[in-house]
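Asker: One file is attached below, my_file.csv, containing CSV, C-alpha atoms and all ligand atoms.
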chain,number,residue,atom,x,y,z
A,1,MET,CA,22.4,-28.1,21.0
A,2,SER,CA,23.3,-30.9,18.7
A,3,SER,CA,24.1,-29.6,15.2
A,4,ASN,CA,27.6,-28.6,14.2
A,5,PRO,CA,27.3,-24.9,13.3
A,6,ILE,CA,29.1,-25.4,10.0
A,7,THR,CA,28.3,-28.9,8.7
A,8,GLY,CA,25.6,-30.5,10.9
A,9,ARG,CA,21.9,-30.5,10.0
A,10,PHE,CA,20.0,-28.2,12.3
A,11,ARG,CA,17.4,-30.0,14.3
A,12,ILE,CA,13.9,-28.5,14.6
A,13,GLY,CA,11.1,-29.7,16.8
A,14,VAL,CA,7.4,-28.7,16.1
A,15,ILE,CA,4.8,-28.0,18.8
A,16,GLY,CA,1.3,-28.3,17.4
A,17,ALA,CA,0.6,-30.9,14.7
A,18,GLY,CA,-2.4,-29.1,13.3
A,19,SER,CA,-2.8,-27.4,10.0
A,20,VAL,CA,0.1,-25.0,10.3
A,21,GLY,CA,2.4,-27.4,12.1
A,22,ALA,CA,1.8,-29.7,9.1
A,23,ALA,CA,2.5,-26.9,6.6
A,24,HIS,CA,5.9,-26.3,8.3
A,25,VAL,CA,6.8,-30.0,8.2
A,26,ARG,CA,5.9,-30.1,4.5
A,27,ALA,CA,8.0,-27.0,3.8
A,28,ALA,CA,11.0,-28.5,5.5
A,29,ALA,CA,10.7,-31.9,3.7
A,30,ASP,CA,13.6,-31.5,1.2
A,31,ALA,CA,15.7,-29.0,3.1
A,32,THR,CA,19.4,-30.0,3.2
A,33,GLY,CA,20.6,-27.7,6.1
A,34,TYR,CA,18.0,-28.6,8.6
A,35,ARG,CA,15.4,-31.2,9.4
A,36,ILE,CA,12.3,-31.8,11.5
A,37,ALA,CA,13.6,-33.9,14.4
A,38,ALA,CA,10.6,-34.2,16.8
A,39,ILE,CA,6.9,-33.5,16.9
A,40,CYS,CA,4.8,-32.7,19.9
A,41,ASP,CA,1.0,-32.5,20.2
A,42,THR,CA,-1.3,-33.2,23.2
A,43,LEU,CA,-3.2,-35.4,20.7
A,44,PRO,CA,-0.8,-38.3,20.2
A,45,SER,CA,-2.5,-39.4,17.0
A,46,ALA,CA,-2.0,-36.0,15.4
A,47,ALA,CA,1.7,-36.0,16.3
A,48,ARG,CA,2.1,-39.6,15.0
A,49,ASP,CA,0.3,-38.9,11.7
A,50,LEU,CA,2.5,-35.9,11.0
A,51,ALA,CA,5.9,-37.3,12.0
A,52,PRO,CA,8.2,-38.2,9.1
A,53,SER,CA,9.5,-41.8,9.4
A,54,GLY,CA,11.7,-42.3,12.4
A,55,VAL,CA,11.0,-38.9,13.9
A,56,PRO,CA,10.0,-39.2,17.7
A,57,VAL,CA,6.7,-37.9,18.9
A,58,PHE,CA,5.9,-36.4,22.3
A,59,SER,CA,2.7,-35.2,24.1
A,60,ALA,CA,4.4,-32.6,26.3
A,61,HIS,CA,6.8,-30.0,24.9
A,62,ARG,CA,9.1,-30.1,28.0
A,63,ASP,CA,9.6,-33.8,27.5
A,64,MET,CA,10.5,-33.1,23.8
A,65,PHE,CA,13.0,-30.5,24.9
A,66,ALA,CA,14.6,-32.8,27.4
A,67,ALA,CA,14.8,-35.9,25.1
A,68,ALA,CA,15.1,-34.8,21.5
A,69,GLU,CA,18.5,-32.9,21.3
A,70,LEU,CA,17.0,-30.0,19.3
A,71,ASP,CA,18.5,-26.7,18.1
A,72,ALA,CA,15.2,-24.9,17.6
A,73,VAL,CA,11.5,-25.3,17.9
A,74,ILE,CA,8.5,-24.1,15.8
A,75,VAL,CA,5.5,-23.1,18.1
A,76,ALA,CA,2.3,-23.7,16.2
A,77,ALA,CA,-0.1,-24.2,19.1
A,78,PRO,CA,-3.2,-22.2,20.3
A,79,HIS,CA,-2.3,-18.5,20.9
A,80,SER,CA,-2.3,-18.2,24.7
A,81,LEU,CA,0.1,-21.2,24.9
A,82,HIS,CA,2.8,-19.4,22.8
A,83,THR,CA,4.2,-17.6,25.8
A,84,PRO,CA,4.8,-20.5,28.2
A,85,MET,CA,6.1,-22.6,25.3
A,86,VAL,CA,8.5,-19.9,24.1
A,87,THR,CA,9.8,-19.2,27.6
A,88,ASP,CA,10.3,-22.9,28.2
A,89,ALA,CA,12.1,-23.2,24.9
A,90,ALA,CA,14.4,-20.3,25.8
A,91,ALA,CA,15.2,-22.0,29.1
A,92,ALA,CA,16.1,-25.1,27.2
A,93,GLY,CA,18.5,-23.0,25.0
A,94,LEU,CA,16.5,-23.3,21.9
A,95,HIS,CA,15.9,-20.9,19.0
A,96,VAL,CA,12.2,-20.3,18.3
A,97,LEU,CA,10.0,-19.5,15.4
A,98,VAL,CA,6.6,-18.7,16.9
A,99,GLU,CA,3.4,-18.5,14.8
A,100,LYS,CA,1.4,-15.3,14.6
A,101,PRO,CA,-0.1,-13.8,16.6
A,102,MET,CA,3.1,-13.8,18.7
A,103,ALA,CA,1.0,-13.8,21.9
A,104,THR,CA,-2.3,-12.5,23.3
A,105,THR,CA,-0.9,-9.6,25.3
A,106,VAL,CA,1.9,-7.1,24.7
A,107,GLU,CA,3.3,-8.0,28.2
A,108,ASP,CA,3.5,-11.6,27.1
A,109,CYS,CA,5.4,-10.6,23.9
A,110,THR,CA,7.9,-8.7,26.1
A,111,ARG,CA,8.3,-11.7,28.4
A,112,MET,CA,9.1,-13.9,25.4
A,113,ILE,CA,11.6,-11.4,24.1
A,114,ASP,CA,13.3,-11.0,27.4
A,115,ALA,CA,13.5,-14.8,27.9
A,116,CYS,CA,15.2,-15.4,24.5
A,117,ASP,CA,17.5,-12.4,25.1
A,118,ARG,CA,18.6,-13.8,28.4
A,119,ALA,CA,19.1,-17.2,26.8
A,120,GLY,CA,21.0,-15.8,23.8
A,121,THR,CA,18.6,-17.5,21.4
A,122,LEU,CA,16.8,-16.1,18.4
A,123,LEU,CA,13.0,-15.4,18.6
A,124,ALA,CA,11.4,-15.0,15.2
A,125,VAL,CA,7.8,-14.6,14.4
A,126,ALA,CA,6.1,-16.4,11.5
A,127,HIS,CA,4.6,-13.5,9.6
A,128,VAL,CA,4.9,-15.5,6.4
A,129,VAL,CA,3.5,-12.6,4.4
A,130,HIS,CA,7.0,-11.2,4.4
A,131,PHE,CA,8.1,-14.1,2.2
A,132,ASP,CA,5.2,-14.0,-0.2
A,133,PRO,CA,6.6,-12.9,-3.6
A,134,LEU,CA,3.4,-10.8,-4.4
A,135,VAL,CA,3.7,-8.8,-1.2
A,136,GLN,CA,7.5,-8.6,-1.5
A,137,GLU,CA,7.2,-7.1,-4.9
A,138,ALA,CA,4.5,-4.7,-3.8
A,139,ARG,CA,6.7,-3.6,-0.9
A,140,ARG,CA,9.7,-3.1,-3.3
A,141,LEU,CA,7.6,-0.9,-5.6
A,142,VAL,CA,6.2,1.2,-2.7
A,143,ALA,CA,9.7,1.6,-1.2
A,144,SER,CA,11.2,2.6,-4.6
A,145,GLY,CA,9.2,5.9,-4.4
A,146,ASP,CA,8.7,5.7,-8.2
A,147,HIS,CA,5.0,6.3,-7.8
A,148,GLY,CA,5.1,8.8,-5.0
A,149,ARG,CA,4.4,8.2,-1.3
A,150,PRO,CA,1.6,6.1,0.1
A,151,VAL,CA,-1.6,8.0,0.8
A,152,LEU,CA,-4.1,5.3,1.8
A,153,VAL,CA,-4.1,1.6,2.3
A,154,THR,CA,-7.2,-0.6,2.4
A,155,HIS,CA,-7.2,-4.3,3.4
A,156,ARG,CA,-10.2,-6.5,3.2
A,157,ARG,CA,-10.3,-10.2,3.9
A,158,SER,CA,-13.0,-12.8,4.5
A,159,ALA,CA,-12.5,-15.9,6.6
A,160,HIS,CA,-15.1,-18.5,7.5
A,161,TYR,CA,-15.4,-17.6,11.2
A,162,GLU,CA,-18.3,-19.5,12.7
A,163,PRO,CA,-18.2,-22.4,15.2
A,164,GLY,CA,-17.7,-25.6,13.3
A,165,SER,CA,-15.7,-23.9,10.6
A,166,ARG,CA,-12.3,-24.3,12.4
A,167,PRO,CA,-10.9,-26.1,15.5
A,168,SER,CA,-13.0,-25.1,18.6
A,169,TRP,CA,-10.1,-23.4,20.5
A,170,PHE,CA,-10.3,-20.5,18.0
A,171,PHE,CA,-13.7,-19.6,19.7
A,172,ASP,CA,-12.4,-20.1,23.3
A,173,ARG,CA,-11.5,-16.6,24.5
A,174,GLU,CA,-8.9,-17.9,27.0
A,175,LEU,CA,-7.0,-20.0,24.4
A,176,ALA,CA,-7.4,-17.8,21.4
A,177,GLY,CA,-7.1,-14.4,23.1
A,178,GLY,CA,-9.6,-12.9,20.6
A,179,GLY,CA,-11.3,-13.8,17.3
A,180,ILE,CA,-11.0,-12.7,13.7
A,181,VAL,CA,-8.9,-9.6,14.6
A,182,LEU,CA,-6.2,-11.3,16.5
A,183,ASN,CA,-6.1,-14.4,14.3
A,184,VAL,CA,-6.8,-13.1,10.8
A,185,GLY,CA,-6.5,-9.3,11.2
A,186,THR,CA,-2.9,-9.6,12.3
A,187,HIS,CA,-2.1,-10.6,8.7
A,188,GLY,CA,-3.7,-7.4,7.5
A,189,LEU,CA,-2.2,-5.1,10.1
A,190,ASP,CA,1.2,-6.7,9.3
A,191,ARG,CA,0.7,-6.0,5.6
A,192,ILE,CA,-0.4,-2.4,6.3
A,193,GLN,CA,2.7,-1.8,8.4
A,194,TRP,CA,5.2,-3.7,6.2
A,195,LEU,CA,4.0,-2.4,2.8
A,196,THR,CA,4.3,1.2,3.9
A,197,GLY,CA,7.3,0.8,6.3
A,198,SER,CA,5.3,2.8,8.9
A,199,PRO,CA,4.0,1.5,12.2
A,200,VAL,CA,0.4,1.9,13.4
A,201,ARG,CA,0.0,5.0,15.5
A,202,GLN,CA,-3.8,5.2,16.1
A,203,VAL,CA,-6.8,2.9,15.8
A,204,SER,CA,-10.6,3.1,15.8
A,205,GLY,CA,-12.3,-0.3,15.8
A,206,VAL,CA,-15.7,-1.9,15.6
A,207,VAL,CA,-16.1,-5.6,16.4
A,208,ARG,CA,-19.2,-7.8,16.1
A,209,GLY,CA,-20.0,-11.3,17.1
A,210,ARG,CA,-22.7,-13.9,17.4
A,211,ASP,CA,-24.9,-15.0,20.3
A,212,GLY,CA,-23.2,-17.8,22.2
A,213,VAL,CA,-19.7,-17.2,20.6
A,214,GLU,CA,-17.1,-15.9,23.0
A,215,VAL,CA,-14.9,-14.1,20.4
A,216,GLU,CA,-15.7,-11.5,17.7
A,217,THR,CA,-16.3,-12.9,14.2
A,218,ASP,CA,-16.4,-9.6,12.2
A,219,ALA,CA,-14.5,-6.3,12.5
A,220,LEU,CA,-13.7,-3.0,11.0
A,221,ALA,CA,-10.9,-0.6,11.9
A,222,LEU,CA,-9.7,2.7,10.7
A,223,VAL,CA,-5.9,3.0,11.2
A,224,GLU,CA,-3.5,5.9,11.1
A,225,LEU,CA,0.2,5.2,10.6
A,226,ALA,CA,3.1,7.1,12.1
A,227,ASP,CA,3.9,8.7,8.7
A,228,GLY,CA,0.3,10.0,8.4
A,229,THR,CA,-0.9,7.3,5.9
A,230,GLY,CA,-4.5,6.3,6.5
A,231,ALA,CA,-5.6,2.7,6.4
A,232,SER,CA,-8.6,0.5,6.8
A,233,LEU,CA,-9.2,-3.1,7.8
A,234,ALA,CA,-12.4,-5.0,7.0
A,235,LEU,CA,-12.7,-8.6,8.3
A,236,THR,CA,-15.8,-10.6,7.5
A,237,SER,CA,-16.9,-14.0,8.6
A,238,ARG,CA,-18.7,-15.2,5.5
A,239,GLY,CA,-16.8,-14.1,2.4
A,240,ALA,CA,-18.2,-15.8,-0.7
A,241,PRO,CA,-16.1,-16.2,-2.7
A,242,TYR,CA,-13.1,-15.9,-0.4
A,243,PHE,CA,-11.2,-12.6,-0.8
A,244,ASP,CA,-8.0,-11.3,0.6
A,245,GLU,CA,-6.7,-8.1,-0.9
A,246,THR,CA,-4.7,-5.0,-0.1
A,247,GLU,CA,-4.7,-1.7,-2.0
A,248,VAL,CA,-1.9,0.8,-1.7
A,249,VAL,CA,-2.9,4.2,-3.1
A,250,MET,CA,0.2,6.3,-3.8
A,251,ASP,CA,0.5,9.8,-5.2
A,252,ARG,CA,0.7,8.7,-8.8
A,253,ALA,CA,-0.4,5.0,-8.9
A,254,THR,CA,-2.3,2.3,-7.0
A,255,LEU,CA,-1.1,-1.2,-6.2
A,256,ARG,CA,-3.5,-4.0,-5.6
A,257,VAL,CA,-2.3,-7.2,-4.0
A,258,SER,CA,-4.9,-10.0,-4.3
A,259,ALA,CA,-4.1,-13.4,-2.8
A,260,THR,CA,-6.3,-15.0,-5.4
A,261,GLU,CA,-5.7,-12.8,-8.5
A,262,GLY,CA,-2.2,-11.5,-8.3
A,263,LEU,CA,-0.4,-8.1,-8.1
A,264,PHE,CA,-1.8,-5.2,-10.2
A,265,LEU,CA,-0.5,-1.7,-10.8
A,266,LEU,CA,-3.0,1.1,-11.9
A,267,ARG,CA,-1.3,4.1,-13.3
A,268,GLY,CA,-2.3,6.7,-15.9
A,269,GLY,CA,-5.8,5.1,-16.3
A,270,SER,CA,-4.7,1.6,-17.2
A,271,SER,CA,-4.2,-1.4,-15.0
A,272,VAL,CA,-1.5,-4.0,-15.6
A,273,ARG,CA,-1.1,-7.4,-13.8
A,274,LEU,CA,2.5,-7.5,-12.6
A,275,LEU,CA,2.4,-11.0,-11.1
A,276,ASP,CA,0.1,-13.9,-11.1
A,277,ALA,CA,-1.2,-15.4,-7.9
A,278,ASP,CA,0.7,-18.7,-8.2
A,279,PRO,CA,-1.0,-21.1,-5.8
A,280,GLY,CA,2.4,-22.8,-5.0
A,281,ARG,CA,3.8,-19.6,-3.6
A,282,GLN,CA,2.4,-20.3,0.0
A,283,GLU,CA,4.6,-23.3,0.3
A,284,GLN,CA,7.6,-21.4,-1.2
A,285,ALA,CA,7.0,-18.7,1.3
A,286,LEU,CA,6.9,-21.1,4.2
A,287,ARG,CA,10.2,-22.7,3.0
A,288,ALA,CA,11.8,-19.3,2.5
A,289,GLN,CA,10.7,-18.4,6.1
A,290,LEU,CA,12.3,-21.5,7.5
A,291,ASP,CA,15.5,-21.0,5.4
A,292,GLY,CA,15.8,-17.5,6.8
A,293,PHE,CA,15.1,-18.5,10.4
A,294,VAL,CA,17.7,-21.3,10.4
A,295,ALA,CA,20.3,-19.0,8.7
A,296,ALA,CA,19.6,-16.3,11.3
A,297,ALA,CA,19.8,-18.8,14.2
A,298,ARG,CA,23.2,-19.9,12.8
A,299,GLY,CA,24.3,-16.3,12.8
A,300,GLU,CA,24.6,-16.0,9.0
A,301,ALA,CA,24.9,-12.4,7.8
A,302,GLY,CA,21.9,-11.1,5.8
A,303,ALA,CA,19.5,-13.8,6.9
A,304,ARG,CA,15.9,-12.7,6.6
A,305,TYR,CA,13.4,-13.2,9.5
A,306,VAL,CA,10.7,-11.2,11.2
A,307,ASP,CA,11.9,-10.1,14.6
A,308,ALA,CA,10.0,-10.3,17.8
A,309,ALA,CA,9.7,-6.5,18.4
A,310,TYR,CA,7.9,-6.3,15.1
A,311,GLY,CA,5.7,-9.3,16.0
A,312,ARG,CA,4.8,-7.4,19.2
A,313,SER,CA,3.9,-4.3,17.3
A,314,VAL,CA,1.3,-6.3,15.3
A,315,VAL,CA,-0.2,-7.7,18.5
A,316,ALA,CA,-0.3,-4.2,20.0
A,317,ALA,CA,-2.2,-2.9,16.9
A,318,ALA,CA,-4.7,-5.8,17.1
A,319,LEU,CA,-5.3,-5.3,20.8
A,320,ALA,CA,-5.9,-1.6,20.1
A,321,VAL,CA,-8.8,-2.5,17.9
A,322,TYR,CA,-10.4,-4.4,20.8
A,323,ARG,CA,-9.8,-1.5,23.2
A,324,SER,CA,-11.1,1.1,20.8
A,325,ALA,CA,-14.3,-1.0,20.2
A,326,ALA,CA,-14.8,-1.5,24.0
A,327,GLU,CA,-14.2,2.2,24.8
A,328,GLY,CA,-15.9,3.7,21.8
A,329,ALA,CA,-12.8,5.9,21.3
A,330,ARG,CA,-9.7,6.2,19.3
A,331,VAL,CA,-6.7,4.4,20.8
A,332,ALA,CA,-3.1,5.7,20.4
A,333,LEU,CA,-0.2,3.3,20.4
A,334,PRO,CA,3.1,4.1,22.0
A,335,LEU,CA,5.6,4.1,19.2
A,336,GLU,CA,9.0,4.0,21.0
A,337,GLY,CA,11.1,1.2,19.6
A,338,VAL,CA,8.4,0.0,17.2
A,339,PRO,CA,10.0,-1.1,13.9
A,340,ALA,CA,7.9,-1.6,10.7
B,401,LIG,N1,0.9,-18.1,9.2
B,401,LIG,C1,-0.4,-18.4,8.8
B,401,LIG,O1,-0.8,-18.1,7.7
B,401,LIG,C2,-1.3,-19.1,9.8
B,401,LIG,C3,-2.4,-19.7,9.3
B,401,LIG,C4,-3.3,-20.4,10.2
B,401,LIG,C5,-2.9,-20.4,11.5
B,401,LIG,N2,-1.7,-19.8,12.0
B,401,LIG,C6,-1.3,-19.9,13.4
B,401,LIG,O2,-0.7,-21.1,13.7
B,401,LIG,C7,-1.0,-21.5,15.0
B,401,LIG,C8,-1.7,-22.9,15.0
B,401,LIG,O3,-2.9,-22.8,14.2
B,401,LIG,P1,-3.5,-24.0,13.5
B,401,LIG,O4,-4.5,-23.5,12.5
B,401,LIG,O5,-2.5,-25.0,13.0
B,401,LIG,O6,-4.3,-24.7,14.7
B,401,LIG,P2,-4.8,-26.3,14.8
B,401,LIG,O7,-5.9,-26.3,15.8
B,401,LIG,O8,-4.9,-26.9,13.5
B,401,LIG,O9,-3.4,-26.9,15.4
B,401,LIG,C9,-3.0,-26.6,16.8
B,401,LIG,C10,-2.5,-27.9,17.3
B,401,LIG,O10,-1.9,-27.7,18.6
B,401,LIG,C11,-2.2,-28.8,19.4
B,401,LIG,N3,-2.0,-28.4,20.8
B,401,LIG,C12,-2.9,-27.8,21.7
B,401,LIG,N4,-2.4,-27.6,22.9
B,401,LIG,C13,-1.2,-28.2,22.9
B,401,LIG,C14,-0.2,-28.3,23.8
B,401,LIG,N5,-0.3,-27.9,25.1
B,401,LIG,N6,1.0,-28.9,23.5
B,401,LIG,C15,1.2,-29.4,22.2
B,401,LIG,N7,0.2,-29.3,21.2
B,401,LIG,C16,-0.9,-28.7,21.6
B,401,LIG,C17,-3.6,-29.2,19.0
B,401,LIG,O11,-3.9,-30.5,19.5
B,401,LIG,C18,-3.6,-29.0,17.5
B,401,LIG,O12,-3.2,-30.2,16.9
B,401,LIG,C19,-1.9,-20.4,15.6
B,401,LIG,O13,-1.0,-19.4,16.2
B,401,LIG,C20,-2.5,-19.8,14.4
B,401,LIG,O14,-2.9,-18.4,14.5
B,401,LIG,C21,-0.9,-19.2,11.1
Represent the supplied structure as structure tokens.

Answerer:
Amino acid sequence: MSSNPITGRFRIGVIGAGSVGAAHVRAAADATGYRIAAICDTLPSAARDLAPSGVPVFSAHRDMFAAAELDAVIVAAPHSLHTPMVTDAAAAGLHVLVEKPMATTVEDCTRMIDACDRAGTLLAVAHVVHFDPLVQEARRLVASGDHGRPVLVTHRRSAHYEPGSRPSWFFDRELAGGGIVLNVGTHGLDRIQWLTGSPVRQVSGVVRGRDGVEVETDALALVELADGTGASLALTSRGAPYFDETEVVMDRATLRVSATEGLFLLRGGSSVRLLDADPGRQEQALRAQLDGFVAAARGEAGARYVDAAYGRSVVAAALAVYRSAAEGARVALPLEGVPA
């Protein structure tokens, strides 16, 4: 590792120069304590177009690890590649921020955790929702207990999920590991767990697709949390207009977090908007996520990041939706060691 732990600028490589790799590079642009020091993509033109001036590009991540003198890597590649990339990064002594979903199987999540534990490096998962001010404020209000305890949570989100609407690997079962549930539903399952502070205990799922498409494009799930709170997840492939909202019904009030409209509190028959949905907050959230990751990798006390055991719990909940849909039965999740 090349950076001086006290004074040096922490050097981060990026694997995957697609839409999210680019968002991380933008978020890091004016950071003072760290910098993007290499970019890797199997498409050389994508890596070149994204690389800030003077930053080397690679088409194979192992070559980047060998040549670029990195401290850490961001993995923003297709889902089933996360595990080999993270275990290779651990073997190279690098800290890792891996995009959601952490992996496509629970066993792979465990392999990644074990590899980083053995290497003594940090493995954080990019559940960026934890850094979104709207969701942070909603969580604070739920946790305060001022409005009673959570009773029910609903999450509904649309995403254009038909071939041609996004890169083709999202529809390749082997590379993506699943469709809208694993890709988009993981944000919802994350919110449900994080807002309530309670992990998913049981899931009943329904998934639907299209002829000729390998992965599901629409899904519904009924979820029960460990503390008894009920939750629902509705994911649709053609929302018009786009919607992304979560409602937390508590004993004495209801919170509604809408990605497009803001944060609302309904209490005593009237609704107040607590926060606007500032469009710039996504970039701020990505920046806060990187700041927390680097601080944690440097061992700073109180640094905020989403740990890998939590990332694995979200993958387990998403995979339970698939199993329930396939078996036509409720699926229970093992809860030992699952944080929320
Ligand atoms: N946090 C969020 O809000 C959010 C939003 C969208 C996507 N994501 C996640 O980010 C990750 C990337 O998604 P995306 O939308 O940027 O996809 P994308 O298709 O835009 O980008 C992926 C990039 O990875 C490259 N790639 C493929 N195989 C590679 C390999 N072996 N080595 C190096 N590069 C390789 C591709 O060429 C492509 O440029 C996924 O895990 C996705 O679920 C997160």

Asker: Which is closer to A:Met102 than all the others in A:Ala176, A:Ala221, A:Ala67, A:Ala29, using only C-alpha atoms?

Answerer: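 Checking each candidate against A:Met102, we get A:Ala176 as the closest.
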
Asker: My list of candidates is A:Asp132, A:Asp227, A:Asp30, A:Glu69. Which is closest to ligand LIG 401 (chain B) when distances are computed with only C-alpha atoms and all ligand atoms?

Answerer: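 The answer is A:Asp132, which sits nearest to ligand LIG 401 (chain B).
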
Asker: With all atoms listed in the file as the basis for distance, which of A:Met64, A:Val200, A:Val249, A:Ala326 is at the shortest distance from A:Pro339?

Answerer: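 Under the stated criterion, the closest residue is A:Val200.
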
Asker: Within 7 Å of ligand LIG 401 (chain B), counting only C-alpha atoms and all ligand atoms: which residues, as a PDB file with C-alpha atoms, keeping the file's coordinate frame?

Answerer:
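Contents of part_29.pdb, as written:
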ATOM      1  CA  ILE A  15       4.800 -28.000  18.800  1.00  0.00           C
ATOM      2  CA  GLY A  16       1.300 -28.300  17.400  1.00  0.00           C
ATOM      3  CA  ALA A  17       0.600 -30.900  14.700  1.00  0.00           C
ATOM      4  CA  GLY A  18      -2.400 -29.100  13.300  1.00  0.00           C
ATOM      5  CA  SER A  19      -2.800 -27.400  10.000  1.00  0.00           C
ATOM      6  CA  VAL A  20       0.100 -25.000  10.300  1.00  0.00           C
ATOM      7  CA  GLY A  21       2.400 -27.400  12.100  1.00  0.00           C
ATOM      8  CA  CYS A  40       4.800 -32.700  19.900  1.00  0.00           C
ATOM      9  CA  ASP A  41       1.000 -32.500  20.200  1.00  0.00           C
ATOM     10  CA  THR A  42      -1.300 -33.200  23.200  1.00  0.00           C
ATOM     11  CA  LEU A  43      -3.200 -35.400  20.700  1.00  0.00           C
ATOM     12  CA  ALA A  46      -2.000 -36.000  15.400  1.00  0.00           C
ATOM     13  CA  SER A  59       2.700 -35.200  24.100  1.00  0.00           C
ATOM     14  CA  ALA A  60       4.400 -32.600  26.300  1.00  0.00           C
ATOM     15  CA  HIS A  61       6.800 -30.000  24.900  1.00  0.00           C
ATOM     16  CA  ALA A  76       2.300 -23.700  16.200  1.00  0.00           C
ATOM     17  CA  ALA A  77      -0.100 -24.200  19.100  1.00  0.00           C
ATOM     18  CA  PRO A  78      -3.200 -22.200  20.300  1.00  0.00           C
ATOM     19  CA  HIS A  79      -2.300 -18.500  20.900  1.00  0.00           C
ATOM     20  CA  LEU A  81       0.100 -21.200  24.900  1.00  0.00           C
ATOM     21  CA  GLU A  99       3.400 -18.500  14.800  1.00  0.00           C
ATOM     22  CA  LYS A 100       1.400 -15.300  14.600  1.00  0.00           C
ATOM     23  CA  PRO A 101      -0.100 -13.800  16.600  1.00  0.00           C
ATOM     24  CA  ALA A 126       6.100 -16.400  11.500  1.00  0.00           C
ATOM     25  CA  HIS A 127       4.600 -13.500   9.600  1.00  0.00           C
ATOM     26  CA  VAL A 128       4.900 -15.500   6.400  1.00  0.00           C
ATOM     27  CA  PRO A 167     -10.900 -26.100  15.500  1.00  0.00           C
ATOM     28  CA  TRP A 169     -10.100 -23.400  20.500  1.00  0.00           C
ATOM     29  CA  ASN A 183      -6.100 -14.400  14.300  1.00  0.00           C
TER      30      ASN A 183
END

Asker: Quick one: pull the distance between atom CA of A:Leu275 and atom CA of A:Asp251, Å, one decimal.

Answerer: 21.7 Å

Asker: In Å, rounded to a single decimal, give me how far atom CA of A:Val215 is from atom CA of A:Arg173.

Answerer: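 Interatomic distance here is 5.9 Å.
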
Asker: Quick one: of A:Leu233, A:Ala332, A:Ala288, A:Cys116, who's nearest to A:Ala320, counting all atoms listed in the file?

Answerer: A:Ala332

Asker: Pick from A:Val75, A:Ala91, A:Gly179, A:Arg281: nearest to A:Gln136, with all atoms listed in the file counted?

Answerer: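 Looking at the shortest contact to A:Gln136, the residue is A:Arg281.
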
Asker: Dump as a VMD selection string all residues having an atom at most 10 Å from (12.5, -37.8, 12.6), computed in the file's coordinates with only C-alpha atoms.

Answerer: chain A and resid 11 to 13 35 to 39 51 to 57 68

Asker: So which one's closest to A:Val184, A:Leu235, A:Val151, A:Leu225, A:Leu266? Using all atoms listed in the file, please.

Answerer: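 The answer is A:Leu235, which sits nearest to A:Val184.
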
Asker: What does the distance between atom CA of A:Leu335 and atom CA of A:Val306 come to in Å, to one decimal place?

Answerer: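 Distance reported for this atom pair: 18.0 Å.
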
Asker: Which polymer residues have any atom within 9 Å of an atom of A:Phe243, counting all atoms listed in the file, with same-chain residues fewer than 5 positions away left out, as a PyMOL selection string?

Answerer: chain A and resi 156-159+258-260
